[in-house]
Every structure is written in C-alpha cells, then in structure tokens.
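Visitor: Sharing my_file_14.pdb, PDB, C-alpha atoms:
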```
ATOM      1  CA  MET X   5      19.641   4.296  -0.010
ATOM      2  CA  THR X   6      23.223   3.055   0.266
ATOM      3  CA  PHE X   7      23.944  -0.290  -1.381
ATOM      4  CA  VAL X   8      26.425  -2.560   0.395
ATOM      5  CA  GLY X   9      29.042  -4.497  -1.553
ATOM      6  CA  ALA X  10      31.790  -6.889  -0.516
ATOM      7  CA  ALA X  11      34.329  -4.066  -0.236
ATOM      8  CA  CYS X  12      32.000  -1.699   1.624
ATOM      9  CA  GLY X  13      32.794  -0.756   5.196
ATOM     10  CA  GLU X  14      29.115  -1.114   6.111
ATOM     11  CA  VAL X  15      29.205  -4.935   5.856
ATOM     12  CA  ALA X  16      29.618  -5.142   9.647
ATOM     13  CA  ARG X  17      26.160  -3.588  10.038
ATOM     14  CA  ILE X  18      24.492  -6.265   7.921
ATOM     15  CA  PRO X  19      22.786  -9.190   9.738
ATOM     16  CA  GLU X  20      24.974 -12.274   9.678
ATOM     17  CA  GLU X  21      22.372 -14.359   7.837
ATOM     18  CA  TRP X  22      22.289 -11.724   5.057
ATOM     19  CA  ARG X  23      26.043 -11.503   4.501
ATOM     20  CA  PRO X  24      26.168 -14.412   1.999
ATOM     21  CA  ILE X  25      23.936 -12.216  -0.204
ATOM     22  CA  VAL X  26      26.541  -9.433  -0.068
ATOM     23  CA  PHE X  27      29.288 -11.832  -1.183
ATOM     24  CA  ALA X  28      27.186 -13.783  -3.712
ATOM     25  CA  ALA X  29      28.541 -14.231  -7.237
ATOM     26  CA  GLY X  30      25.635 -12.568  -9.016
ATOM     27  CA  PRO X  31      21.900 -11.761  -9.209
ATOM     28  CA  GLU X  32      20.640 -15.343  -9.415
ATOM     29  CA  GLU X  33      22.547 -16.414  -6.321
ATOM     30  CA  ARG X  34      21.483 -13.276  -4.450
ATOM     31  CA  ARG X  35      17.793 -13.851  -5.188
ATOM     32  CA  ARG X  36      18.031 -17.553  -4.290
ATOM     33  CA  LEU X  37      19.658 -16.791  -0.947
ATOM     34  CA  ALA X  38      17.192 -14.021  -0.122
ATOM     35  CA  LEU X  39      14.074 -16.007  -1.009
ATOM     36  CA  SER X  40      15.286 -18.951   1.079
ATOM     37  CA  LEU X  41      14.860 -16.752   4.170
ATOM     38  CA  TRP X  42      11.080 -16.442   3.786
ATOM     39  CA  ASN X  43       8.823 -18.474   6.067
ATOM     40  CA  GLN X  44       6.480 -20.838   4.240
ATOM     41  CA  GLY X  45       3.496 -19.736   6.313
ATOM     42  CA  PHE X  46       3.695 -16.203   4.939
ATOM     43  CA  LEU X  47       4.170 -17.436   1.378
ATOM     44  CA  ASP X  48       1.080 -19.622   1.801
ATOM     45  CA  LEU X  49      -0.851 -16.559   2.999
ATOM     46  CA  VAL X  50      -0.113 -14.696  -0.259
ATOM     47  CA  PRO X  51       0.174 -17.484  -2.864
ATOM     48  CA  GLU X  52      -0.219 -15.368  -6.017
ATOM     49  CA  PHE X  53       2.440 -12.914  -4.917
ATOM     50  CA  ALA X  54       4.677 -15.778  -3.805
ATOM     51  CA  GLU X  55       4.542 -17.134  -7.360
ATOM     52  CA  VAL X  56       5.225 -13.689  -8.815
ATOM     53  CA  LEU X  57       8.154 -13.188  -6.447
ATOM     54  CA  ASN X  58       9.658 -16.532  -7.376
ATOM     55  CA  THR X  59       9.099 -16.025 -11.113
ATOM     56  CA  TYR X  60       9.846 -12.343 -11.683
ATOM     57  CA  CYS X  61      12.408 -11.400  -9.035
ATOM     58  CA  VAL X  62      15.596 -10.698 -10.995
ATOM     59  CA  ASP X  63      17.871  -9.499  -8.213
ATOM     60  CA  VAL X  64      18.085  -8.748  -4.497
ATOM     61  CA  ARG X  65      20.517  -6.136  -3.246
ATOM     62  CA  VAL X  66      21.643  -5.432   0.302
ATOM     63  CA  GLY X  67      21.432  -1.822   1.400
ATOM     64  CA  ILE X  68      20.954   0.591   4.261
ATOM     65  CA  THR X  69      18.111   3.068   4.481
ATOM     66  CA  ASP X  70      16.189   4.695   7.330
ATOM     67  CA  ASP X  71      19.258   3.763   9.425
ATOM     68  CA  SER X  72      18.399   0.076   8.935
ATOM     69  CA  PRO X  73      19.875  -2.740   6.849
ATOM     70  CA  VAL X  74      17.448  -3.741   4.104
ATOM     71  CA  LEU X  75      17.058  -6.146   1.232
ATOM     72  CA  VAL X  76      15.837  -4.557  -1.986
ATOM     73  CA  TYR X  77      13.876  -7.008  -4.143
ATOM     74  CA  VAL X  78      13.820  -6.042  -7.835
ATOM     75  CA  LEU X  79      11.092  -7.565  -9.997
ATOM     76  CA  GLU X  80      10.774  -7.192 -13.769
ATOM     77  CA  THR X  81       7.308  -7.280 -15.323
ATOM     78  CA  GLU X  82       6.527  -8.895 -18.662
ATOM     79  CA  ASP X  83       6.606  -5.352 -20.102
ATOM     80  CA  ARG X  84      10.180  -5.059 -18.789
ATOM     81  CA  GLU X  85       9.225  -2.486 -16.176
ATOM     82  CA  LEU X  86      11.056  -2.692 -12.860
ATOM     83  CA  VAL X  87       9.297  -2.586  -9.505
ATOM     84  CA  SER X  88      10.940  -3.028  -6.118
ATOM     85  CA  TRP X  89      10.115  -3.821  -2.511
ATOM     86  CA  VAL X  90      12.237  -2.997   0.527
ATOM     87  CA  GLY X  91      12.469  -5.568   3.336
ATOM     88  CA  TYR X  92      13.810  -4.292   6.669
ATOM     89  CA  ASP X  93      16.193  -6.051   9.035
ATOM     90  CA  PRO X  94      14.197  -8.251  11.467
ATOM     91  CA  GLY X  95      16.672  -7.130  14.136
ATOM     92  CA  THR X  96      14.847  -3.773  14.142
ATOM     93  CA  PHE X  97      11.544  -5.423  15.081
ATOM     94  CA  GLU X  98       9.580  -3.896  17.937
ATOM     95  CA  GLU X  99       6.275  -5.455  18.936
ATOM     96  CA  PRO X 100       3.415  -3.229  17.762
ATOM     97  CA  GLU X 101       0.126  -2.578  19.493
ATOM     98  CA  PHE X 102      -2.505  -5.341  19.218
ATOM     99  CA  TRP X 103       0.203  -7.914  18.409
ATOM    100  CA  GLU X 104      -2.210 -10.719  19.283
ATOM    101  CA  SER X 105      -4.324  -9.644  16.276
ATOM    102  CA  PHE X 106      -1.569 -10.589  13.808
ATOM    103  CA  PRO X 107      -1.766 -14.119  12.337
ATOM    104  CA  GLU X 108       1.137 -16.342  13.350
ATOM    105  CA  ALA X 109       2.556 -16.415   9.810
ATOM    106  CA  VAL X 110       2.755 -12.608   9.759
ATOM    107  CA  GLN X 111       4.273 -12.532  13.244
ATOM    108  CA  VAL X 112       7.019 -14.944  12.154
ATOM    109  CA  PHE X 113       7.645 -12.927   8.987
ATOM    110  CA  LEU X 114       8.014  -9.654  10.897
ATOM    111  CA  ARG X 115      10.185 -11.125  13.654
ATOM    112  CA  GLU X 116      12.399 -13.381  11.546
ATOM    113  CA  VAL X 117      12.311 -12.351   7.868
ATOM    114  CA  HIS X 118      11.564  -8.651   7.440
ATOM    115  CA  ALA X 119      10.420  -6.134  10.050
ATOM    116  CA  GLY X 120       8.517  -4.358   7.313
ATOM    117  CA  PHE X 121       8.171  -5.130   3.600
ATOM    118  CA  VAL X 122       6.948  -2.186   1.516
ATOM    119  CA  SER X 123       6.999  -0.593  -1.922
ATOM    120  CA  GLN X 124       6.706   2.949  -3.252
ATOM    121  CA  ARG X 125       6.164   4.407   0.240
ATOM    122  CA  ARG X 126       7.286   3.408   3.715
ATOM    123  CA  GLU X 127       3.846   2.048   4.631
ATOM    124  CA  ALA X 128       2.376   0.932   1.295
ATOM    125  CA  PHE X 129       1.898  -2.260  -0.734
ATOM    126  CA  GLY X 130       3.066  -4.751   1.857
ATOM    127  CA  VAL X 131       3.351  -4.760   5.634
ATOM    128  CA  ALA X 132       4.667  -1.576   7.235
ATOM    129  CA  ARG X 133       7.519  -1.507   9.734
ATOM    130  CA  PRO X 134       6.025  -2.336  13.132
ATOM    131  CA  VAL X 135       7.834   0.675  14.635
ATOM    132  CA  ASP X 136       5.834   2.877  12.246
ATOM    133  CA  MET X 137       2.396   1.309  12.769
ATOM    134  CA  ARG X 138      -0.170   3.669  14.286
ATOM    135  CA  THR X 139      -3.851   3.531  15.166
ATOM    136  CA  VAL X 140      -6.330   5.443  13.059
ATOM    137  CA  VAL X 141      -6.801   7.923  15.902
ATOM    138  CA  GLU X 142      -3.050   8.572  16.044
ATOM    139  CA  LEU X 143      -3.029   9.128  12.291
ATOM    140  CA  ALA X 144      -6.004  11.503  12.607
ATOM    141  CA  GLY X 145      -7.674   9.669   9.726
ATOM    142  CA  LEU X 146     -10.959   9.390  11.633
ATOM    143  CA  PRO X 147     -12.347  11.127  14.711
ATOM    144  CA  ASP X 148     -12.054   9.340  18.026
ATOM    145  CA  GLY X 149     -15.048   7.153  18.797
ATOM    146  CA  GLU X 150     -17.182   4.771  16.755
ATOM    147  CA  PRO X 151     -16.821   5.371  12.983
ATOM    148  CA  ASP X 152     -19.436   4.192  10.529
ATOM    149  CA  GLY X 153     -19.162   0.598   9.415
ATOM    150  CA  GLU X 154     -20.979  -2.178   7.657
ATOM    151  CA  GLY X 155     -22.820  -4.818   9.704
ATOM    152  CA  ARG X 156     -20.900  -5.690  12.867
ATOM    153  CA  ALA X 157     -17.870  -3.585  11.917
ATOM    154  CA  ARG X 158     -18.338  -0.700  14.298
ATOM    155  CA  ILE X 159     -14.899  -0.418  15.811
ATOM    156  CA  SER X 160     -13.346   2.413  17.791
ATOM    157  CA  ALA X 161     -10.695   4.221  15.799
ATOM    158  CA  ARG X 162      -8.440   3.705  18.795
ATOM    159  CA  ARG X 163      -8.615  -0.061  18.155
ATOM    160  CA  LEU X 164      -7.768   0.023  14.446
ATOM    161  CA  LEU X 165      -4.038  -0.359  13.731
ATOM    162  CA  LYS X 166      -2.958   0.576  10.224
ATOM    163  CA  ILE X 167      -0.542  -2.036   8.860
ATOM    164  CA  THR X 168      -0.446  -0.917   5.224
ATOM    165  CA  THR X 169      -2.131   1.207   2.545
ATOM    166  CA  ASP X 170      -2.771   1.121  -1.186
ATOM    167  CA  GLY X 171      -0.525   4.148  -1.612
ATOM    168  CA  ASP X 172      -3.563   6.413  -1.363
ATOM    169  CA  ARG X 173      -6.417   6.753   1.138
ATOM    170  CA  LEU X 174      -7.365   3.113   1.724
ATOM    171  CA  LYS X 175      -6.053   1.841   5.059
ATOM    172  CA  TYR X 176      -5.657  -1.835   5.952
ATOM    173  CA  CYS X 177      -6.098  -2.243   9.700
ATOM    174  CA  LEU X 178      -5.938  -5.013  12.277
ATOM    175  CA  SER X 179      -7.972  -4.866  15.454
ATOM    176  CA  PRO X 180      -8.592  -6.975  18.562
ATOM    177  CA  ASP X 181     -12.286  -6.522  17.715
ATOM    178  CA  LEU X 182     -11.878  -8.655  14.580
ATOM    179  CA  ALA X 183     -11.022 -12.336  14.307
ATOM    180  CA  VAL X 184      -7.364 -13.163  13.796
ATOM    181  CA  GLY X 185      -6.973 -13.499  10.035
ATOM    182  CA  GLU X 186      -9.364 -10.646   9.285
ATOM    183  CA  VAL X 187      -8.395  -7.145   8.185
ATOM    184  CA  ALA X 188     -10.519  -4.002   8.234
ATOM    185  CA  LEU X 189     -10.499  -1.962   5.045
ATOM    186  CA  VAL X 190     -10.956   1.624   6.203
ATOM    187  CA  TYR X 191     -11.844   4.383   3.775
ATOM    188  CA  GLY X 192     -13.272   7.577   5.181
ATOM    189  CA  GLY X 193     -15.753   6.409   7.798
ATOM    190  CA  ALA X 194     -16.525   3.019   6.250
ATOM    191  CA  ILE X 195     -15.039  -0.154   7.762
ATOM    192  CA  VAL X 196     -15.326  -3.419   5.851
ATOM    193  CA  PRO X 197     -13.932  -6.691   7.313
ATOM    194  CA  LYS X 198     -12.152  -8.919   4.802
ATOM    195  CA  ASP X 199      -9.831 -11.922   4.733
ATOM    196  CA  LEU X 200      -6.319 -10.642   5.463
ATOM    197  CA  GLY X 201      -4.476 -13.127   3.259
ATOM    198  CA  GLN X 202      -6.604 -12.465   0.190
ATOM    199  CA  GLU X 203      -6.521  -8.694   0.612
ATOM    200  CA  LEU X 204      -2.771  -8.600   1.215
ATOM    201  CA  ASP X 205      -2.159 -10.874  -1.772
ATOM    202  CA  ASP X 206      -4.312  -8.650  -3.987
ATOM    203  CA  LEU X 207      -2.531  -5.523  -2.731
ATOM    204  CA  LEU X 208       0.932  -6.912  -3.472
ATOM    205  CA  ILE X 209      -0.142  -8.121  -6.907
ATOM    206  CA  SER X 210      -1.667  -4.712  -7.710
ATOM    207  CA  ARG X 211       1.701  -3.061  -7.172
ATOM    208  CA  PHE X 212       3.394  -5.519  -9.541
ATOM    209  CA  ALA X 213       0.654  -5.236 -12.160
ATOM    210  CA  GLU X 214       0.748  -1.427 -12.169
ATOM    211  CA  PRO X 215       4.274  -0.415 -11.102
ATOM    212  CA  PHE X 216       3.773   3.271 -11.926
TER     213      PHE X 216
END
```
Please express the file's structure as structure tokens.
Guide:
Amino acid sequence: MTFVGAACGEVARIPEEWRPIVFAAGPEERRRLALSLWNQGFLDLVPEFAEVLNTYCVDVRVGITDDSPVLVYVLETEDRELVSWVGYDPGTFEEPEFWESFPEAVQVFLREVHAGFVSQRREAFGVARPVDMRTVVELAGLPDGEPDGEGRARISARRLLKITTDGDRLKYCLSPDLAVGEVALVYGGAIVPKDLGQELDDLLISRFAEPF
C-alpha cells in the first residue's frame, strides 16, 4: 500500500472526485468528503453498518494498491481497536457475470463509489472487486453440477457467483436462479437463500465487532 499525499507524484493517478480528499486539511474533512461519495441506496441496504461507518470512522486515506487507487477507511472501536476497509477506484469497474442479479443499489455502488469494498482479505467482509468475482465452479469450491441445498435452493455451481466471504469458508453468492435481493450462503454443499441486505449488513458489522 502506498499512501498518496499532496506532495506525492502519484496524485495524477487519483480520480478527480477523490483529489479533494488528498488535499483536505485533516482527518475529519477527509472522512466527510469520502462519506459524501456513497450512494444512499447502498447505505439503506446496510443501515447498521452505515451508522457504524458514520459514527466510528476516524479517517480516510487515499492510497494505491493492487495497481489501483483506493480509499482506506479507518474505524476505531469503543475498545480503541482499529479496523479498516479498502474501497477501490470505480474507474476500475468491469461488469461481472450475472450482473442482472445484483440489486440496483449495489450496481450503483460498484460503478460509481467503489469497485470493491473489502477488509482483511481482497474478497472478504464487504463486496469483492468485480474483476475478481468467480463462480463456485471456477473457485473449485464445489464440484460441477447440482450441489445439495435446502428447499428450492438447488443451483448449479456454475450459476453461483461469489461476491464475498466471511474470511473463512462461508461464501456469499448471487445467482440468476435467485430473486434479485437474495444471496445464497454456500458452505460445503449446503446452499441457503437469505436476504442480501441483512446478510451483508451482518457481515460488515461482524468485522467491526471482532476486528482481530
């Protein structure tokens, strides 16, 4: 990670709408400018995390990692532990497979706010970079074909796109075989459909609640 300051030669690589953050007077102005970029639809999708972000974000720094400009959001817990998320430049967005399965609020977020928003790992505790999203078959997490599921959730592993994880084995997947707004929780061979907003909100909050 390379952090970008006002005197850094990398400023030219930073999206124009992010440059006021580079030149901001201090942490409070940086966080205010960064949070103003977020679309309300996505914040409404994850209301508990939106409140945490607004309350506990203490700074936002501009950087470059994975050959992409990023915003690094630093949150401080009530126990004074620091936890961070990395939001990628929306200019790096590439439409992933099964794009029609993404709710509009998530589409807007990925196209216009951050083309990936993650913590701890490149695909965990948020929404992975679309360029890194893969189907379960491509990830070799399940054999090709019809994995076990609960009720109607018998979906080909080729039609399950992993958009995030819990940092371990639980995959959160979208699929054209689910309703828009649903997410499939995939663990081993089990597939359980859930509400995407609630599950994503819970996942983000879990990272803040247990930063290590």
Visitor: Which is closer to X:Glu203 than all the others in X:Tyr176, X:Tyr191, X:Phe113, X:Trp89, using all atoms listed in the file?
Guide: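 Answer, going by the shortest atom-to-atom distance: X:Tyr176.
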Visitor: For a cut-off of 9 Å around (-6.4, -8.1, 6.5), file coordinates, pick out all residues using only C-alpha atoms and list them as a list of chain:residue names.
Guide: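 Protein, DNA and RNA residues close to (-6.4, -8.1, 6.5): X:Ile167, X:Tyr176, X:Cys177, X:Leu178, X:Val184, X:Gly185, X:Glu186, X:Val187, X:Ala188, X:Leu189, X:Pro197, X:Lys198, X:Asp199, X:Leu200, X:Gly201, X:Gln202, X:Glu203, X:Leu204.
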Visitor: Can you tell me how far atom CA of X:Asp63 sits from atom CA of X:Phe46, in Å to one decimal?
Guide: 20.5 Å
Visitor: Would you write out, as a list of chain:residue names, every residue that the PyMOL selection byres ((chain X and resi 119) around 9) captures in this file?
Guide: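 That selection, the PyMOL selection byres ((chain X and resi 119) around 9), comes back as X:Gly91, X:Tyr92, X:Asp93, X:Pro94, X:Gly95, X:Thr96, X:Phe97, X:Glu98, X:Phe113, X:Leu114, X:Arg115, X:Glu116, X:Val117, X:His118, X:Gly120, X:Phe121, X:Val131, X:Ala132, X:Arg133, X:Pro134, X:Val135.
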Visitor: Mind writing the picked residues with C-alpha atoms as an mmCIF file, keeping the file's coordinate frame?
Guide:
```cif
data_model
loop_
_atom_site.group_PDB
_atom_site.id
_atom_site.type_symbol
_atom_site.label_atom_id
_atom_site.label_comp_id
_atom_site.auth_asym_id
_atom_site.auth_seq_id
_atom_site.Cartn_x
_atom_site.Cartn_y
_atom_site.Cartn_z
ATOM 1 C CA GLY X 91 12.469 -5.568 3.336
ATOM 2 C CA TYR X 92 13.810 -4.292 6.669
ATOM 3 C CA ASP X 93 16.193 -6.051 9.035
ATOM 4 C CA PRO X 94 14.197 -8.251 11.467
ATOM 5 C CA GLY X 95 16.672 -7.130 14.136
ATOM 6 C CA THR X 96 14.847 -3.773 14.142
ATOM 7 C CA PHE X 97 11.544 -5.423 15.081
ATOM 8 C CA GLU X 98 9.580 -3.896 17.937
ATOM 9 C CA PHE X 113 7.645 -12.927 8.987
ATOM 10 C CA LEU X 114 8.014 -9.654 10.897
ATOM 11 C CA ARG X 115 10.185 -11.125 13.654
ATOM 12 C CA GLU X 116 12.399 -13.381 11.546
ATOM 13 C CA VAL X 117 12.311 -12.351 7.868
ATOM 14 C CA HIS X 118 11.564 -8.651 7.440
ATOM 15 C CA GLY X 120 8.517 -4.358 7.313
ATOM 16 C CA PHE X 121 8.171 -5.130 3.600
ATOM 17 C CA VAL X 131 3.351 -4.760 5.634
ATOM 18 C CA ALA X 132 4.667 -1.576 7.235
ATOM 19 C CA ARG X 133 7.519 -1.507 9.734
ATOM 20 C CA PRO X 134 6.025 -2.336 13.132
ATOM 21 C CA VAL X 135 7.834 0.675 14.635
#
```
Visitor: Translate the PyMOL selection byres ((chain X and resi 123-127) around 10), as applied to the file shown, into an explicit residue set as a PyMOL selection string.
Guide: chain X and resi 70+76-77+87-91+120-122+128-134+136-137+166-171+175+208+211-212+215-216
Visitor: Have a look at atom CA of X:Ser105 and atom CA of X:Leu165 and let me know their distance in Å, one decimal.
Guide: 9.6 Å
Visitor: Just how far from atom CA of X:Val66 is atom CA of X:Pro51, in Å to one decimal?
Guide: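 The value is 24.8 Å.
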Visitor: Measuring atom to atom with all atoms listed in the file, identify which of X:Ile68, X:Ile159, X:Leu47, X:Val196 is nearest to X:Arg17.
Guide: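 For X:Arg17, the nearest of the given residues is X:Ile68.
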Visitor: Choose the residue, out of X:Val78, X:Thr59, X:Arg163, X:Thr69, that has the smallest atom-to-atom separation from X:Glu142; count only C-alpha atoms.
Guide: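 Of all the options, X:Arg163 lies closest to X:Glu142.
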Visitor: Go through X:Ile209, X:Val64, X:Leu79, X:Ala194 and flag the residue nearest X:Pro31, using only C-alpha atoms for the distances.
Guide: X:Val64
Visitor: Counting only C-alpha atoms, which of X:Val56, X:Pro19, X:Gly45, X:Leu174 gets nearest to X:Gln111?
Guide: X:Gly45
Visitor: With distances taken over all atoms listed in the file, which of X:Gly9, X:Arg35, X:Val26, X:Leu49 is nearest to X:Asp206?
Guide: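 Result for the nearest residue to X:Asp206: X:Leu49.
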Visitor: Applied to the shown file, which residues does the PyMOL selection byres ((chain X and resi 7) around 6) return, written as a PyMOL selection string?
Guide: chain X and resi 6+8+66-67
